[in-house]
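For reference, the structure discussed in these notes is given below.
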Amino acid sequence: MKGIIPEEYVLTRLAEDVPDHARYRARERRARFVGKNGACNVAHKNIREQGRFLQDVFTTLVDLKWPHTLLIFTMSFLCSWLLFGMVWWLIAFAHGDLDHSTRLQRDPGEGVAEAPAGFVPCVTSIHSFTSAFLFSIEVQVTIGFGGRMVTEECPAAILVLIVQNIVGLVINAIMLGCIFMKTSQAHRRAETLIFSKHAVIALREGKLCFMLRVGDLRKSMIISATIRMQVVKKTASLEGEVVPLNQIDIQMENPVGGNSIFLVSPLIIYHVIDKNSPLYDISPLNLHHHEDLEIIVILEGVVETTGITTQARTSYLADEILWGQRFVPIVAEEDGQYSVDYSKFGNTVKVPTPSCTARQLEEDKSIMDTMPLSPKGTIRKRSVKLRPKFTISDEPS
């Protein structure tokens, strides 16, 4: 039956057979502080000083969602055009430009006097608010069709022309800069920085190590890439103070030493669990979804193509840490170059690992003697027969 029925269907049926109360308890798990995609699971509530966000308008606009940004982008231009359109209409109305243009459109036979000779309007060809609005658009976006222009008759019109040009340049700078920053945000580059879905704990050089794999999908490198890890858990001080999200830095190692990494190919980053590690008392019995433990991994670096600093984040809960597993190799040499098989990026294999804490392993050295270590003969060696290139023979005398 196991070979006939698909495994997914069998698992689904088994889940449906679990009682409701048991299934509800199984879904309970620790709230994640940082999501697998790097998003922080924190909701800010009851902020009374909302005016602080207006003191940094540019950052506030960049942080808004795209629909809100586009709405503000459109309304800023429309409102400025309407505002200055109203100002141009008032200038024309106060100078009498609208009455003069109306008299010109009337029939002279109606007894209306002709316009005075030499009458010069403030802005030519403005007959209504619609024409004033069109002139406002032409001034601010520098689109001139030649039908409307400012004359020397009104100094106020020249002043409004200068003010509108300055305001238009400021709006263009702010909104275009906001759009540029939103399209080139650092977290866009972080989408191609990947972490393994699970972390592992296994022996390396005779010590228990916490390991994870990190890689970059793009060929453009991350310059000065650094990586650090933190343990987030609920702690209590000696005075009884409870810290719900206590962040503890943990020392980590990588193949090139220090925190800087050369991320040209996927690397396995590991942390040696010693007496200074917050994972010193962690055992396989603690790796379940009820355990109050979360390990946050932060990768930072400078994007080679843009020079913008980017940051990629992920986290591992206790049930996402595999005990006694090791990542499989994914880098191989083919045709004179190294190739990376990303289909095996998160694959692991079981390795002999003691089911005890690092503290117990350090205190009792005899645990290592009972470990069934991997045999040394697992690596196949090619046998090469040496043939002499020359022979020694006695020459005839």
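Please note that chains go A, B, ... in the order of the structure tokens, that every chain numbers its residues from 1, and that ligands are numbered from 1 in the order shown.
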Exercise. Arg188 in chain A: which residues within 12 Å, counting only C-alpha atoms, same-chain residues fewer than 2 positions away excluded, as a VMD selection string?
Worked result: chain A and resid 37 to 38 181 to 186 190 to 193 303 306 308 to 312
For this session: Please return as a PyMOL selection string: the residues of range 95-258 of chain A that backbone DSSP assigns to helix (DSSP H, G or I).
Result: chain A and resi 95+97-105+108-110+129-140+155-183+186-192
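Ranking A:Pro266, A:Pro155, A:Gly168, A:Gly85 by their shortest atom-to-atom distance to Phe133 in chain A, with only C-alpha atoms included, puts A:Gly85 first.
One finds CA of Ile296 in chain A at 5.5 Å from CA of Met229 in chain A.
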Exercise. Excluding same-chain residues fewer than 3 positions from Met149 in chain A, what lies within 8 Å of it counting only C-alpha atoms, as a ChimeraX atom specification?
Worked result: /A:123-125,146
Next, write the just-selected residues to a file, as a compact mmCIF listing (two decimals), in the first residue's frame, keeping N, CA and C atoms as the atom set.
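Final output, saved to selection-v5.txt:
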# COMPACT_ATOMS: atom_id res chain seq x y z
N VAL A 123 -0.96 87.71 -18.92
CA VAL A 123 -0.65 86.46 -19.62
C VAL A 123 -1.56 86.40 -20.83
N THR A 124 -0.99 86.22 -21.96
CA THR A 124 -1.79 86.19 -23.18
C THR A 124 -2.58 84.90 -23.28
N SER A 125 -3.73 85.00 -23.95
CA SER A 125 -4.58 83.84 -24.28
C SER A 125 -5.10 83.12 -23.05
N GLY A 146 3.40 77.82 -27.29
CA GLY A 146 3.49 79.09 -27.99
C GLY A 146 2.23 79.93 -27.95
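Using only C-alpha atoms, the smallest distance between any of A:Ser224, A:Thr353, A:Thr60, A:Asn246 and Gly206 in chain A comes from A:Thr353.
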Problem set entry | Atom pair CA of Glu153 in chain A / CA of Ser136 in chain A: separation (Å) | 18.3 Å
For this session: Within 9 Å of Ala225 in chain A, counting only C-alpha atoms, which residues show up once you throw out same-chain ones fewer than 5 positions away? Write them as a VMD selection string, please.
Result: chain A and resid 259 to 263 299 to 302
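Take the candidates A:Thr348, A:Ile201, A:Thr235, A:Phe73 and check each one against Ala173 in chain A using only C-alpha atoms; the shortest distance goes to A:Phe73.
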